[in-house]
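Structure first, commentary second.
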Amino acid sequence: MEIVLDNLDLVALAFTYTVLLFLIAGVLSMVFGTLLAAMRVGPVDVLNKATSVYVTLVRNTPLLIVLIFFRIAGPKVGLKFGFVEIEIGEIRITDLFTACVVALTVYTAAFVCEALRSGVNAVPLGQAEAARAIGLPFGGTMRNVVLPQAFRAAVPPLASVQIALLKNTTVCGIFGVSEAFFRMHSFTNSEPGERYGIFISFAVIFVFLVEIVSFFANQLERRWRIA
Amino acid sequence: MRLIKTKAAVAGVGLALSMAACGNAGSSDESSDVQAAEDCDGKFEEGSKMAELADAGEVTVGVKFDQPGLGFKDASSDVPTGFDIEMAKLLVADLCIDPEDTDAVTWEETISDNREPYLQEGRVDMVLATYSITPERQAIVGQTGPYLVTGQRIMVKKESDVQSKEDLQGEEVCSAEGSTSIENVEKEGMVPASAPDYTQCIEDLRNGSVEAMSTDGAILYGYAADNPGEFKVVGPEFSEERIGVGYPKEEPEMCEWINGVIQDAYDDGTWAKAYEATLGKGGAETPEPPELDDCKAA
């Protein structure tokens, strides 16, 4: 425990990285996942099939493999993120960080797509038909009629997906991002006697972070309850 | 008369050594043949851990599987190789157990995280897994040695103009996740960039994701030798790791025994030979054997 309290600045920095990974990959995966979902339910057959292949491929692949692809295989075939070099105080967003964000985004987007698709399926068919009847094109139907309702229905599964993402960020600890898991590991390495205390304190912070995400999800659910 | 006797003794020893050298010439390059001692009856004090192990004829040693030169095991071999392993073999052989016999000796992989728990739970009898001696660790397990003192250095690309760690302040430097090396990187003002292992660090160094990588100097020399013309090791050593043997805290009698075996290896040159066969292959010079710590009276 002591080593955690003595190094609160390092712990804070580590969790800043964790939260940054989560926020950036979270937003990107929501955007990308929504596009995927729209393509998946859309009328264009090619896009339909392509998304279906994407979801099948990525959802059936362990996150670690996706991460290894972007972190290790990617640079070998010229997929580098060297152009990213942002420094804000002690926080450094480098190519290693970016590769992790991309991997998390690619992985989570597949789950967002499927969660949203379940939401789309929950919208009565009549809604889409009515939208078409008043002359809305596919884009308009999705944007103004189907997706807003789909999001409402999909809040609980989407929250689960995002919570999973928050916890998945720990995998980045072994791939060059000094986030919470990395820090915890370095603490247990230098103070093996305080193993349990270190572990519990990091776990408690994680529970706390996940609780925040759940809280916002619950608020959204409550606000959107009246459809 | 006395002079002649001494000369004869010297000649005898010289002959024995040269014969030993001949005997070793045919053995595999990464490990030496260590013969099990014979007749362990009454060698160890009744009720000691050593007597118990020697009687059982079985021992479990915790080693690393992923540190080339120190403790490394590839998928095809039964017995790991490296300097840690050579030291472990000497200890095992002293218990009258054949170190090559995989039925008698279990090489258990202990990653950095489970060295202490495995010793505490009794899953391993001793640990030789690049195990730095620190006061924090000595509080919960027994540690003695060191049988190797290493220092951390920096490796950069050949064309890099980095001279030492001062040129790398605020720059990404790769090291293995969860290792002591990566903590030292951070302590020295460089930005730690973790990787699953050092092979990945080499990749990151190659594709420019990191400026440098850092770990124990002998290991770096090994990698530099494996990739000729690509990398260079620079700067002075900036840390001191005292690699020792871990043993259960409840068995303090092991300390004297371990120190005795290591001291013998210093004296008869097996230590130096083990170094040359493993870490020294990368071009690192064989150092003087480090002085052993005293065992605290149990």
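A note on labels: chains of the structure tokens are A, B, ... as shown, every chain counts residues from 1, and ligands are counted from 1 in their shown order.
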
Requested in this report: Restrict the distance test to only C-alpha atoms, flag each residue of chain B within 7 Å of chain A, and return the flagged residues as a list of chain:residue names.
Outcome: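 Result: B:Asp113, B:Glu136, B:Arg137, B:Ile140, B:Glu177, B:Gly178, B:Glu183, B:Ala193, B:Ser194, B:Ala195, B:Pro196, B:Asn207, B:Ser209.
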
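Look at stretch 256-264 of chain B: the protein and nucleic acid residues within 9 Å of it, using only C-alpha atoms and passing over chain neighbours fewer than 6 places away, are Met50, Met87, Leu90, Leu91, Asp94, Thr144, Gly145, Pro146, Tyr147, Val245, Thr270, Trp271, Glu291, Leu292, Asp293, Asp294 and Cys295 of chain B.
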
Can you spit out the residues from that selection as an mmCIF file, in the first residue's frame, using C-alpha atoms?
```cif
data_model
loop_
_atom_site.group_PDB
_atom_site.id
_atom_site.type_symbol
_atom_site.label_atom_id
_atom_site.label_comp_id
_atom_site.auth_asym_id
_atom_site.auth_seq_id
_atom_site.Cartn_x
_atom_site.Cartn_y
_atom_site.Cartn_z
ATOM 1 C CA MET B 50 19.633 -30.135 1.302
ATOM 2 C CA MET B 87 24.782 -21.963 -11.751
ATOM 3 C CA LEU B 90 26.186 -26.736 -10.088
ATOM 4 C CA LEU B 91 23.853 -26.534 -7.112
ATOM 5 C CA ASP B 94 26.096 -30.879 -5.485
ATOM 6 C CA THR B 144 22.105 -15.025 -1.255
ATOM 7 C CA GLY B 145 24.956 -14.488 -3.643
ATOM 8 C CA PRO B 146 25.439 -12.514 -5.749
ATOM 9 C CA TYR B 147 26.876 -14.881 -8.316
ATOM 10 C CA VAL B 245 19.868 -17.218 -5.608
ATOM 11 C CA THR B 270 33.797 -23.353 -13.522
ATOM 12 C CA TRP B 271 32.234 -19.966 -12.897
ATOM 13 C CA GLU B 291 32.162 -11.237 -3.646
ATOM 14 C CA LEU B 292 29.489 -13.242 -1.867
ATOM 15 C CA ASP B 293 27.399 -11.786 0.910
ATOM 16 C CA ASP B 294 27.697 -13.289 4.345
ATOM 17 C CA CYS B 295 24.826 -15.422 5.478
#
```

Report task. Provide the atom CA of B:Cys40 to atom CA of B:Trp107 distance in Å, to one decimal place. Result -> 21.9 Å

Report task. Taking the DSSP assignment computed from this structure's backbone, write out as a VMD selection string all residues of stretch 65-201 of chain A that belong to strand (DSSP E or B). Result -> chain A and resid 86 to 88 91 to 93

Take the residues just selected and output them with N, CA and C atoms as a short mmCIF file (atom, residue, chain, number, x, y, z; two decimals), in the first residue's frame.
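In the end it all went to result_21.cif:
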```cif
data_model
loop_
_atom_site.label_atom_id
_atom_site.label_comp_id
_atom_site.auth_asym_id
_atom_site.auth_seq_id
_atom_site.Cartn_x
_atom_site.Cartn_y
_atom_site.Cartn_z
N ILE A 86 2.44 14.13 -29.69
CA ILE A 86 1.82 15.21 -28.91
C ILE A 86 2.33 15.12 -27.49
N GLU A 87 2.69 16.25 -26.94
CA GLU A 87 3.15 16.27 -25.57
C GLU A 87 2.37 17.30 -24.78
N ILE A 88 1.67 16.85 -23.75
CA ILE A 88 0.96 17.79 -22.88
C ILE A 88 1.49 17.56 -21.47
N ILE A 91 2.26 14.03 -20.18
CA ILE A 91 1.59 13.04 -21.00
C ILE A 91 2.15 13.08 -22.41
N ARG A 92 2.56 11.94 -22.87
CA ARG A 92 3.13 11.87 -24.21
C ARG A 92 2.30 10.92 -25.05
N ILE A 93 1.76 11.46 -26.14
CA ILE A 93 0.98 10.62 -27.05
C ILE A 93 1.85 10.36 -28.27
#
```

Report task. Would you mind listing what lies within 12 Å of B:Ala51 as a PyMOL selection string, with only C-alpha atoms counted and same-chain residues fewer than 3 positions away left out? Result -> chain B and resi 39-48+54-59+94-97+251+253-254+257

Query - In stretch 33-62 of chain B, DSSP helix (DSSP H, G or I) residues written as a list in words - result: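 Those residues are Lys49, Met50, Ala51, Glu52, Leu53, Ala54, Asp55 and Ala56 of chain B.
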
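For the choices B:Tyr247, B:Val156, B:Pro228, B:Glu241, the atom-to-atom distance to B:Arg206 is smallest for B:Val156 when using only C-alpha atoms.
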